[in-house]
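Text of entry.cif, listed as mmCIF, C-alpha atoms; chains and numbers go by the auth columns:
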data_protein
loop_
_atom_site.group_PDB
_atom_site.id
_atom_site.type_symbol
_atom_site.label_atom_id
_atom_site.label_comp_id
_atom_site.label_asym_id
_atom_site.label_seq_id
_atom_site.Cartn_x
_atom_site.Cartn_y
_atom_site.Cartn_z
_atom_site.B_iso_or_equiv
_atom_site.auth_seq_id
_atom_site.auth_asym_id
ATOM 1 C CA MET A 1 -65.489 71.486 -32.201 0.00 19 T
ATOM 2 C CA GLU A 2 -66.660 70.086 -35.512 0.00 20 T
ATOM 3 C CA THR A 3 -63.279 70.402 -37.220 0.00 21 T
ATOM 4 C CA GLY A 4 -61.554 68.929 -34.160 0.00 22 T
ATOM 5 C CA ILE A 5 -63.799 65.884 -34.366 0.00 23 T
ATOM 6 C CA ALA A 6 -63.131 65.614 -38.112 0.00 24 T
ATOM 7 C CA ILE A 7 -59.346 65.847 -37.677 0.00 25 T
ATOM 8 C CA SER A 8 -59.271 63.246 -34.905 0.00 26 T
ATOM 9 C CA PHE A 9 -61.564 60.989 -36.933 0.00 27 T
ATOM 10 C CA TRP A 10 -59.226 61.004 -39.932 0.00 28 T
ATOM 11 C CA ILE A 11 -56.132 60.435 -37.768 0.00 29 T
ATOM 12 C CA LEU A 12 -57.789 57.550 -35.910 0.00 30 T
ATOM 13 C CA ALA A 13 -59.125 56.043 -39.141 0.00 31 T
ATOM 14 C CA ALA A 14 -55.682 56.162 -40.754 0.00 32 T
ATOM 15 C CA VAL A 15 -54.015 54.581 -37.703 0.00 33 T
ATOM 16 C CA MET A 16 -56.739 51.931 -37.464 0.00 34 T
ATOM 17 C CA VAL A 17 -56.652 50.862 -41.101 0.00 35 T
ATOM 18 C CA ALA A 18 -52.838 50.930 -41.220 0.00 36 T
ATOM 19 C CA SER A 19 -52.502 48.788 -38.090 0.00 37 T
ATOM 20 C CA ALA A 20 -55.158 46.330 -39.322 0.00 38 T
ATOM 21 C CA LEU A 21 -53.262 46.017 -42.609 0.00 39 T
ATOM 22 C CA ALA A 22 -50.086 45.455 -40.606 0.00 40 T
ATOM 23 C CA VAL A 23 -51.804 42.626 -38.711 0.00 41 T
ATOM 24 C CA VAL A 24 -52.621 40.975 -42.033 0.00 42 T
ATOM 25 C CA TRP A 25 -49.328 41.680 -43.808 0.00 43 T
ATOM 26 C CA LEU A 26 -46.577 41.267 -41.218 0.00 44 T
ATOM 27 C CA ARG A 27 -44.834 37.917 -41.165 0.00 45 T
ATOM 28 C CA ASP A 28 -43.787 38.220 -37.521 0.00 46 T
ATOM 29 C CA ILE A 29 -46.806 37.117 -35.467 0.00 47 T
ATOM 30 C CA PHE A 30 -45.691 38.882 -32.306 0.00 48 T
ATOM 31 C CA ARG A 31 -45.456 42.255 -34.086 0.00 49 T
ATOM 32 C CA ALA A 32 -48.851 41.568 -35.655 0.00 50 T
ATOM 33 C CA ALA A 33 -50.268 41.121 -32.135 0.00 51 T
ATOM 34 C CA LEU A 34 -48.759 44.457 -31.052 0.00 52 T
ATOM 35 C CA PHE A 35 -50.338 46.182 -34.069 0.00 53 T
ATOM 36 C CA LEU A 36 -53.615 44.506 -33.097 0.00 54 T
ATOM 37 C CA VAL A 37 -53.329 46.303 -29.729 0.00 55 T
ATOM 38 C CA LEU A 38 -52.848 49.605 -31.594 0.00 56 T
ATOM 39 C CA CYS A 39 -55.939 48.822 -33.679 0.00 57 T
ATOM 40 C CA PHE A 40 -57.991 48.171 -30.509 0.00 58 T
ATOM 41 C CA PHE A 41 -56.812 51.478 -29.038 0.00 59 T
ATOM 42 C CA SER A 42 -57.876 53.432 -32.115 0.00 60 T
ATOM 43 C CA VAL A 43 -61.264 51.713 -32.049 0.00 61 T
ATOM 44 C CA ALA A 44 -61.604 52.992 -28.461 0.00 62 T
ATOM 45 C CA GLY A 45 -60.752 56.463 -29.777 0.00 63 T
ATOM 46 C CA VAL A 46 -63.502 56.204 -32.384 0.00 64 T
ATOM 47 C CA PHE A 47 -65.925 55.237 -29.589 0.00 65 T
ATOM 48 C CA VAL A 48 -64.917 58.439 -27.764 0.00 66 T
ATOM 49 C CA ILE A 49 -65.615 60.473 -30.923 0.00 67 T
ATOM 50 C CA LEU A 50 -69.027 58.815 -31.147 0.00 68 T
ATOM 51 C CA GLY A 51 -69.815 59.831 -27.560 0.00 69 T
ATOM 52 C CA ALA A 52 -69.804 56.269 -26.190 0.00 70 T
ATOM 53 C CA ASP A 53 -67.640 56.830 -23.109 0.00 71 T
ATOM 54 C CA PHE A 54 -68.561 53.615 -21.298 0.00 72 T
ATOM 55 C CA LEU A 55 -67.890 51.513 -24.375 0.00 73 T
ATOM 56 C CA ALA A 56 -64.511 53.182 -24.898 0.00 74 T
ATOM 57 C CA ALA A 57 -63.482 52.274 -21.351 0.00 75 T
ATOM 58 C CA ALA A 58 -64.822 48.736 -21.793 0.00 76 T
ATOM 59 C CA GLN A 59 -62.952 48.438 -25.098 0.00 77 T
ATOM 60 C CA VAL A 60 -59.647 49.310 -23.437 0.00 78 T
ATOM 61 C CA LEU A 61 -60.339 47.030 -20.463 0.00 79 T
ATOM 62 C CA ILE A 62 -61.612 43.981 -22.352 0.00 80 T
ATOM 63 C CA TYR A 63 -59.772 44.074 -25.676 0.00 81 T
ATOM 64 C CA VAL A 64 -56.461 45.678 -24.760 0.00 82 T
ATOM 65 C CA GLY A 65 -56.348 44.403 -21.206 0.00 83 T
ATOM 66 C CA ALA A 66 -57.644 40.870 -21.615 0.00 84 T
ATOM 67 C CA ILE A 67 -57.964 39.642 -25.198 0.00 85 T
ATOM 68 C CA ALA A 68 -54.646 41.047 -26.469 0.00 86 T
ATOM 69 C CA VAL A 69 -52.779 39.595 -23.483 0.00 87 T
ATOM 70 C CA LEU A 70 -54.490 36.245 -24.086 0.00 88 T
ATOM 71 C CA ILE A 71 -53.486 36.279 -27.767 0.00 89 T
ATOM 72 C CA ILE A 72 -49.873 37.120 -26.873 0.00 90 T
ATOM 73 C CA PHE A 73 -49.895 34.237 -24.364 0.00 91 T
ATOM 74 C CA ALA A 74 -51.144 31.900 -27.084 0.00 92 T
ATOM 75 C CA ILE A 75 -48.392 33.071 -29.456 0.00 93 T
ATOM 76 C CA MET A 76 -45.782 32.435 -26.773 0.00 94 T
ATOM 77 C CA LEU A 77 -47.208 29.010 -25.915 0.00 95 T
ATOM 78 C CA THR A 78 -47.441 27.759 -29.485 0.00 96 T
ATOM 79 C CA ARG A 79 -43.901 28.923 -30.450 0.00 97 T
ATOM 80 C CA GLU A 80 -44.781 29.301 -34.113 0.00 98 T
ATOM 81 C CA THR A 81 -43.115 32.718 -34.353 0.00 99 T
ATOM 82 C CA GLN A 82 -40.178 31.342 -36.323 0.00 100 T
ATOM 83 C CA ARG A 83 -42.463 30.118 -39.089 0.00 101 T
ATOM 84 C CA GLY A 84 -44.276 33.447 -39.382 0.00 102 T
ATOM 85 C CA SER A 85 -47.802 33.734 -40.707 0.00 103 T
ATOM 86 C CA PRO A 86 -47.770 32.615 -44.341 0.00 104 T
ATOM 87 C CA SER A 87 -50.761 33.028 -46.601 0.00 105 T
ATOM 88 C CA GLY A 88 -52.635 29.993 -47.808 0.00 106 T
ATOM 89 C CA ARG A 89 -53.512 28.736 -51.267 0.00 107 T
ATOM 90 C CA PHE A 90 -56.718 30.750 -51.502 0.00 108 T
ATOM 91 C CA ARG A 91 -55.082 34.149 -51.012 0.00 109 T
ATOM 92 C CA PHE A 92 -56.341 35.591 -54.287 0.00 110 T
ATOM 93 C CA ILE A 93 -59.911 34.325 -53.797 0.00 111 T
ATOM 94 C CA ALA A 94 -59.887 35.741 -50.269 0.00 112 T
ATOM 95 C CA PHE A 95 -58.731 39.091 -51.627 0.00 113 T
ATOM 96 C CA LEU A 96 -61.545 39.049 -54.185 0.00 114 T
ATOM 97 C CA VAL A 97 -64.126 38.201 -51.512 0.00 115 T
ATOM 98 C CA GLY A 98 -62.921 41.021 -49.269 0.00 116 T
ATOM 99 C CA LEU A 99 -62.888 43.522 -52.131 0.00 117 T
ATOM 100 C CA LEU A 100 -66.363 42.445 -53.257 0.00 118 T
ATOM 101 C CA PHE A 101 -67.704 42.896 -49.718 0.00 119 T
ATOM 102 C CA LEU A 102 -66.082 46.331 -49.419 0.00 120 T
ATOM 103 C CA VAL A 103 -67.468 47.562 -52.754 0.00 121 T
ATOM 104 C CA THR A 104 -70.956 46.229 -52.009 0.00 122 T
ATOM 105 C CA VAL A 105 -71.194 47.778 -48.544 0.00 123 T
ATOM 106 C CA THR A 106 -69.747 51.090 -49.746 0.00 124 T
ATOM 107 C CA LEU A 107 -72.295 51.304 -52.573 0.00 125 T
ATOM 108 C CA VAL A 108 -75.141 50.508 -50.175 0.00 126 T
ATOM 109 C CA VAL A 109 -73.955 53.053 -47.588 0.00 127 T
ATOM 110 C CA VAL A 110 -73.494 55.826 -50.140 0.00 128 T
ATOM 111 C CA SER A 111 -76.791 55.257 -51.936 0.00 129 T
ATOM 112 C CA THR A 112 -78.977 54.982 -48.814 0.00 130 T
ATOM 113 C CA ASP A 113 -80.766 57.948 -47.255 0.00 131 T
ATOM 114 C CA TRP A 114 -80.021 57.420 -43.564 0.00 132 T
ATOM 115 C CA HIS A 115 -82.144 60.093 -41.797 0.00 133 T
ATOM 116 C CA ALA A 116 -79.215 60.666 -39.444 0.00 134 T
ATOM 117 C CA ILE A 117 -79.635 63.043 -36.496 0.00 135 T
ATOM 118 C CA THR A 118 -76.517 65.194 -36.443 0.00 136 T
ATOM 119 C CA GLU A 119 -76.754 67.069 -33.139 0.00 137 T
ATOM 120 C CA ILE A 120 -74.569 65.617 -30.438 0.00 138 T
ATOM 121 C CA PRO A 121 -76.068 63.899 -27.368 0.00 139 T
ATOM 122 C CA ALA A 122 -74.009 65.577 -24.673 0.00 140 T
ATOM 123 C CA GLU A 123 -74.698 63.601 -21.507 0.00 141 T
ATOM 124 C CA PRO A 124 -72.485 60.669 -20.415 0.00 142 T
ATOM 125 C CA THR A 125 -73.938 57.347 -21.431 0.00 143 T
ATOM 126 C CA THR A 126 -73.136 55.084 -18.468 0.00 144 T
ATOM 127 C CA SER A 127 -76.309 55.583 -16.408 0.00 145 T
ATOM 128 C CA SER A 128 -78.621 55.696 -19.430 0.00 146 T
ATOM 129 C CA LEU A 129 -76.926 52.537 -20.727 0.00 147 T
ATOM 130 C CA ALA A 130 -77.699 50.836 -17.402 0.00 148 T
ATOM 131 C CA GLN A 131 -81.295 52.033 -17.763 0.00 149 T
ATOM 132 C CA ALA A 132 -81.482 50.563 -21.267 0.00 150 T
ATOM 133 C CA LEU A 133 -79.996 47.265 -20.057 0.00 151 T
ATOM 134 C CA PHE A 134 -81.994 46.694 -16.891 0.00 152 T
ATOM 135 C CA SER A 135 -85.278 48.571 -17.226 0.00 153 T
ATOM 136 C CA GLY A 136 -88.085 46.092 -16.640 0.00 154 T
ATOM 137 C CA GLU A 137 -90.248 46.114 -19.769 0.00 155 T
ATOM 138 C CA SER A 138 -87.917 46.879 -22.674 0.00 156 T
ATOM 139 C CA GLY A 139 -84.698 45.854 -20.949 0.00 157 T
ATOM 140 C CA PHE A 140 -82.187 43.147 -21.688 0.00 158 T
ATOM 141 C CA VAL A 141 -82.188 41.251 -18.392 0.00 159 T
ATOM 142 C CA LEU A 142 -82.642 37.782 -19.915 0.00 160 T
ATOM 143 C CA PRO A 143 -79.844 38.272 -22.530 0.00 161 T
ATOM 144 C CA PHE A 144 -77.666 39.584 -19.712 0.00 162 T
ATOM 145 C CA GLU A 145 -78.190 36.395 -17.701 0.00 163 T
ATOM 146 C CA ILE A 146 -77.600 34.266 -20.808 0.00 164 T
ATOM 147 C CA ALA A 147 -74.341 36.165 -21.401 0.00 165 T
ATOM 148 C CA ALA A 148 -73.290 35.287 -17.847 0.00 166 T
ATOM 149 C CA VAL A 149 -74.037 31.599 -18.494 0.00 167 T
ATOM 150 C CA LEU A 150 -72.115 31.826 -21.793 0.00 168 T
ATOM 151 C CA LEU A 151 -69.049 33.239 -20.019 0.00 169 T
ATOM 152 C CA LEU A 152 -69.221 30.492 -17.387 0.00 170 T
ATOM 153 C CA ALA A 153 -69.474 27.832 -20.097 0.00 171 T
ATOM 154 C CA ALA A 154 -66.515 29.378 -21.939 0.00 172 T
ATOM 155 C CA ILE A 155 -64.380 29.391 -18.782 0.00 173 T
ATOM 156 C CA ILE A 156 -65.191 25.761 -17.984 0.00 174 T
ATOM 157 C CA GLY A 157 -64.672 24.747 -21.601 0.00 175 T
ATOM 158 C CA ALA A 158 -61.268 26.421 -21.755 0.00 176 T
ATOM 159 C CA ILE A 159 -60.175 24.737 -18.525 0.00 177 T
ATOM 160 C CA VAL A 160 -61.323 21.328 -19.766 0.00 178 T
ATOM 161 C CA LEU A 161 -59.605 21.807 -23.142 0.00 179 T
ATOM 162 C CA VAL A 162 -56.166 22.812 -21.900 0.00 180 T
ATOM 163 C CA ARG A 163 -55.994 20.661 -18.751 0.00 181 T
ATOM 164 C CA GLU A 164 -53.071 18.254 -18.534 0.00 182 T
ATOM 165 C CA ARG A 165 -54.234 14.681 -18.702 0.00 183 T
ATOM 166 C CA MET B 1 -65.857 68.681 -44.138 0.00 25 X
ATOM 167 C CA ALA B 2 -68.020 67.369 -41.337 0.00 26 X
ATOM 168 C CA VAL B 3 -67.829 63.714 -40.377 0.00 27 X
ATOM 169 C CA GLY B 4 -71.149 61.932 -40.743 0.00 28 X
ATOM 170 C CA LEU B 5 -72.670 58.496 -40.338 0.00 29 X
ATOM 171 C CA GLU B 6 -71.429 57.375 -43.755 0.00 30 X
ATOM 172 C CA HIS B 7 -67.797 57.949 -42.769 0.00 31 X
ATOM 173 C CA PHE B 8 -68.073 55.656 -39.776 0.00 32 X
ATOM 174 C CA LEU B 9 -69.949 52.993 -41.747 0.00 33 X
ATOM 175 C CA ILE B 10 -67.351 52.973 -44.538 0.00 34 X
ATOM 176 C CA LEU B 11 -64.520 52.871 -41.984 0.00 35 X
ATOM 177 C CA SER B 12 -66.254 49.887 -40.407 0.00 36 X
ATOM 178 C CA ALA B 13 -66.616 48.227 -43.828 0.00 37 X
ATOM 179 C CA VAL B 14 -62.921 48.754 -44.615 0.00 38 X
ATOM 180 C CA LEU B 15 -61.887 47.264 -41.276 0.00 39 X
ATOM 181 C CA PHE B 16 -64.277 44.325 -41.761 0.00 40 X
ATOM 182 C CA SER B 17 -62.903 43.587 -45.249 0.00 41 X
ATOM 183 C CA ILE B 18 -59.324 43.583 -43.961 0.00 42 X
ATOM 184 C CA GLY B 19 -60.325 41.152 -41.223 0.00 43 X
ATOM 185 C CA LEU B 20 -62.271 39.016 -43.702 0.00 44 X
ATOM 186 C CA TYR B 21 -59.283 38.790 -46.041 0.00 45 X
ATOM 187 C CA GLY B 22 -56.990 37.837 -43.154 0.00 46 X
ATOM 188 C CA ALA B 23 -59.367 35.226 -41.762 0.00 47 X
ATOM 189 C CA LEU B 24 -59.738 33.591 -45.185 0.00 48 X
ATOM 190 C CA ALA B 25 -56.147 33.837 -46.417 0.00 49 X
ATOM 191 C CA LYS B 26 -53.947 33.213 -43.376 0.00 50 X
ATOM 192 C CA ARG B 27 -52.687 29.802 -42.311 0.00 51 X
ATOM 193 C CA ASN B 28 -51.722 30.398 -38.690 0.00 52 X
ATOM 194 C CA ALA B 29 -54.738 29.729 -36.441 0.00 53 X
ATOM 195 C CA VAL B 30 -53.773 32.468 -33.961 0.00 54 X
ATOM 196 C CA VAL B 31 -53.613 35.053 -36.775 0.00 55 X
ATOM 197 C CA ILE B 32 -57.043 33.900 -37.962 0.00 56 X
ATOM 198 C CA LEU B 33 -58.419 34.503 -34.455 0.00 57 X
ATOM 199 C CA MET B 34 -56.827 37.973 -34.462 0.00 58 X
ATOM 200 C CA CYS B 35 -58.517 38.771 -37.774 0.00 59 X
ATOM 201 C CA ILE B 36 -61.859 37.599 -36.380 0.00 60 X
ATOM 202 C CA GLU B 37 -61.363 40.055 -33.503 0.00 61 X
ATOM 203 C CA ILE B 38 -60.767 42.827 -36.065 0.00 62 X
ATOM 204 C CA MET B 39 -64.050 41.913 -37.776 0.00 63 X
ATOM 205 C CA LEU B 40 -65.951 42.014 -34.468 0.00 64 X
ATOM 206 C CA ASN B 41 -64.460 45.433 -33.727 0.00 65 X
ATOM 207 C CA ALA B 42 -65.608 46.689 -37.133 0.00 66 X
ATOM 208 C CA VAL B 43 -69.147 45.547 -36.365 0.00 67 X
ATOM 209 C CA ASN B 44 -68.956 47.318 -32.996 0.00 68 X
ATOM 210 C CA ILE B 45 -68.012 50.578 -34.729 0.00 69 X
ATOM 211 C CA ALA B 46 -71.046 50.282 -37.004 0.00 70 X
ATOM 212 C CA MET B 47 -73.330 49.540 -34.019 0.00 71 X
ATOM 213 C CA VAL B 48 -72.103 52.514 -32.012 0.00 72 X
ATOM 214 C CA ALA B 49 -72.294 54.802 -35.059 0.00 73 X
ATOM 215 C CA PHE B 50 -75.945 53.845 -35.595 0.00 74 X
ATOM 216 C CA SER B 51 -76.575 54.402 -31.891 0.00 75 X
ATOM 217 C CA ARG B 52 -74.980 57.866 -32.029 0.00 76 X
ATOM 218 C CA TYR B 53 -76.719 59.053 -35.205 0.00 77 X
ATOM 219 C CA GLY B 54 -80.082 57.526 -34.361 0.00 78 X
ATOM 220 C CA HIS B 55 -80.157 58.692 -30.720 0.00 79 X
ATOM 221 C CA LEU B 56 -81.014 55.181 -29.610 0.00 80 X
ATOM 222 C CA LEU B 57 -78.936 53.375 -26.999 0.00 81 X
ATOM 223 C CA THR B 58 -79.846 49.876 -28.157 0.00 82 X
ATOM 224 C CA GLY B 59 -76.842 49.863 -30.488 0.00 83 X
ATOM 225 C CA GLN B 60 -74.474 50.329 -27.574 0.00 84 X
ATOM 226 C CA VAL B 61 -76.233 47.554 -25.616 0.00 85 X
ATOM 227 C CA PHE B 62 -75.662 45.337 -28.655 0.00 86 X
ATOM 228 C CA ALA B 63 -72.002 46.333 -28.722 0.00 87 X
ATOM 229 C CA ILE B 64 -71.648 45.251 -25.073 0.00 88 X
ATOM 230 C CA PHE B 65 -73.101 41.827 -25.888 0.00 89 X
ATOM 231 C CA ILE B 66 -70.798 41.542 -28.923 0.00 90 X
ATOM 232 C CA MET B 67 -67.840 42.217 -26.606 0.00 91 X
ATOM 233 C CA VAL B 68 -68.984 39.488 -24.189 0.00 92 X
ATOM 234 C CA VAL B 69 -69.397 36.962 -26.994 0.00 93 X
ATOM 235 C CA ALA B 70 -66.025 37.980 -28.473 0.00 94 X
ATOM 236 C CA ALA B 71 -64.325 37.380 -25.128 0.00 95 X
ATOM 237 C CA ALA B 72 -65.924 33.929 -24.788 0.00 96 X
ATOM 238 C CA GLU B 73 -65.058 33.107 -28.414 0.00 97 X
ATOM 239 C CA VAL B 74 -61.401 34.054 -28.115 0.00 98 X
ATOM 240 C CA VAL B 75 -61.007 32.105 -24.862 0.00 99 X
ATOM 241 C CA VAL B 76 -62.412 28.899 -26.321 0.00 100 X
ATOM 242 C CA GLY B 77 -60.634 29.433 -29.647 0.00 101 X
ATOM 243 C CA LEU B 78 -57.215 29.898 -28.088 0.00 102 X
ATOM 244 C CA ALA B 79 -57.793 26.920 -25.783 0.00 103 X
ATOM 245 C CA LEU B 80 -58.568 24.818 -28.862 0.00 104 X
ATOM 246 C CA VAL B 81 -55.455 26.118 -30.633 0.00 105 X
ATOM 247 C CA ILE B 82 -53.258 25.229 -27.650 0.00 106 X
ATOM 248 C CA ALA B 83 -54.865 21.793 -27.291 0.00 107 X
ATOM 249 C CA ILE B 84 -54.297 21.085 -31.002 0.00 108 X
ATOM 250 C CA TYR B 85 -50.719 22.340 -30.751 0.00 109 X
ATOM 251 C CA ARG B 86 -50.089 19.913 -27.899 0.00 110 X
ATOM 252 C CA SER B 87 -51.263 16.884 -29.839 0.00 111 X
ATOM 253 C CA ARG B 88 -50.136 17.793 -33.402 0.00 112 X
ATOM 254 C CA GLU B 89 -47.198 20.210 -32.881 0.00 113 X
ATOM 255 C CA THR B 90 -48.618 22.701 -35.379 0.00 114 X
ATOM 256 C CA VAL B 91 -51.188 25.489 -35.617 0.00 115 X
ATOM 257 C CA ASP B 92 -51.144 25.581 -39.425 0.00 116 X
ATOM 258 C CA VAL B 93 -54.779 25.220 -40.478 0.00 117 X
ATOM 259 C CA GLU B 94 -53.820 23.518 -43.753 0.00 118 X
ATOM 260 C CA ARG B 95 -52.064 20.779 -41.803 0.00 119 X
ATOM 261 C CA ILE B 96 -54.829 20.285 -39.231 0.00 120 X
ATOM 262 C CA ASP B 97 -56.810 17.698 -41.158 0.00 121 X
ATOM 263 C CA LEU B 98 -58.347 15.525 -38.433 0.00 122 X
ATOM 264 C CA MET B 99 -61.887 16.079 -39.705 0.00 123 X
ATOM 265 C CA LYS B 100 -61.184 16.004 -43.444 0.00 124 X
ATOM 266 C CA TRP B 101 -62.127 12.927 -45.429 0.00 125 X
#
Write the structure described by the file as structure tokens, please.
Amino acid sequence: METGIAISFWILAAVMVASALAVVWLRDIFRAALFLVLCFFSVAGVFVILGADFLAAAQVLIYVGAIAVLIIFAIMLTRETQRGSPSGRFRFIAFLVGLLFLVTVTLVVVSTDWHAITEIPAEPTTSSLAQALFSGESGFVLPFEIAAVLLLAAIIGAIVLVRER
Amino acid sequence: MAVGLEHFLILSAVLFSIGLYGALAKRNAVVILMCIEIMLNAVNIAMVAFSRYGHLLTGQVFAIFIMVVAAAEVVVGLALVIAIYRSRETVDVERIDLMKW
């Protein structure tokens, strides 16, 4: 059980980091979008390892099913695939910033005592997640409603932005 | 070797740095949006890892809200990119200089 989780973690981590690097490095935008889909899938796999079954399903539905398709549509509509995705003038500074962030966070993570609980919560999370979202006192009902308003505003904004005049 | 909380946090940091580099260095606006999605996914991994190793479901609730905001963000962002492409025939962020002075 434990070694199985470890093996699948390392495989998923390798696939995830490699596909994210491919998104950054590839010059062909369409292939970069396909590697982005692979990255989303491996993130869903990591959610499964972490015991978050509902979030893994939502990841596949929202990211792979909706966001990736939307990005591919945008690539098709803007027809910039011939020009590729060149890097800008600040490539080296951006690399330094990313490396600095990575080193800082790694040092903090390694040097902190996390008090992590290692035993695995076995039960499926969907119903307890609903409890955590909608239970009266400590729930998230108001943020949930605000999220609904945000989605409505985003839909209307997108329609207004791309409408033919 | 057992996989612990640190492994997931460092994986999330690596993914976030890759996305950060792409968002800062790339010139195509669609690729920048893709890199922002990678960064949001990295944050989601960290949230769910904390939720798993702290036995507290609030992290997963947070991850759901991050997903909602990411969906709204990518919709509006891509609509902006397409609107700019219609008027300026480019999505190169170094050539979109309407608001520079």
Between T:Ala40, T:Val159, T:Ala172, T:Ile47, single out the one closest to Ser103 in chain T, counting only C-alpha atoms.
T:Ile47
Using all atoms listed in the file, collect all residues at a distance of at most 12 Å from (-80.5, 46.3, -33.4) as written in the file, then present them as a PyMOL selection string.
chain X and resi 67-68+70-75+78+80-87+89-90
At a cut-off of 6 Å, can you tabulate as a Markdown table every residue of chain X near chain T together with its closest atom pair and the distance in Å to one decimal, using all atoms listed in the file and ordering rows by chain then number?
| residue | atom | partner | partner_atom | distance |
| --- | --- | --- | --- | --- |
| X:Val27 | CA | T:Ala24 | CA | 5.6 |
| X:Ala37 | CA | T:Leu120 | CA | 5.9 |
| X:Ser41 | CA | T:Gly116 | CA | 4.8 |
| X:Leu44 | CA | T:Gly116 | CA | 6.0 |
| X:Tyr45 | CA | T:Ala112 | CA | 5.2 |
| X:Gly46 | CA | T:Val42 | CA | 5.5 |
| X:Leu48 | CA | T:Ala112 | CA | 5.5 |
| X:Ala49 | CA | T:Arg109 | CA | 4.7 |
| X:Lys50 | CA | T:Ser105 | CA | 4.5 |
| X:Arg51 | CA | T:Gly106 | CA | 5.5 |
| X:Asn52 | CA | T:Ser103 | CA | 5.5 |
| X:Tyr77 | CA | T:Ile135 | CA | 5.1 |
| X:Gly78 | CA | T:Ile135 | CA | 5.9 |
| X:Ala96 | CA | T:Ala172 | CA | 5.4 |
| X:Val100 | CA | T:Ala176 | CA | 5.3 |
| X:Ala103 | CA | T:Ala176 | CA | 5.3 |
| X:Ala107 | CA | T:Val180 | CA | 5.6 |
Could you tell me how far CA of Val54 in chain X sits from CA of Leu104 in chain X, in Å to one decimal place?
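Computing the Euclidean distance for CA of Leu104 in chain X and CA of Val54 in chain X yields 10.4 Å.
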Taking all atoms listed in the file into account, name the residue in X:Met123, X:Ala26, X:Leu102, X:Ala95 that is nearest to Asn65 in chain X.
X:Ala95
Could you tell me how far CA of Ile88 in chain X lies from CA of Met58 in chain X, in Å and to one decimal?
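Computing the Euclidean distance for CA of Ile88 in chain X and CA of Met58 in chain X yields 19.0 Å.
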Correct to one decimal, the distance CA of Val66 in chain T-CA of Leu39 in chain X is 17.8 Å
Measuring between only C-alpha atoms, which one of T:Ser60, T:Leu44, T:Arg49, T:Val87 shows the shortest distance to Ser26 in chain T?
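That would be T:Ser60, the residue with the smallest distance to Ser26 in chain T.
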Quick one: what's the axis-aligned box for range 153-167 of chain T, all listed atoms, 3 Å on every side, centre and edges in Å to one decimal, as AutoDock Vina command-line options?
--center_x -81.8 --center_y 40.1 --center_z -19.7 --size_x 23.0 --size_y 23.0 --size_z 12.0
Proximity to Ala94 in chain X - best of X:Leu33, X:Leu57, X:Tyr109, X:Ala47, all atoms listed in the file
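Once distances to Ala94 in chain X are computed over all atoms listed in the file, the minimum belongs to X:Leu57.
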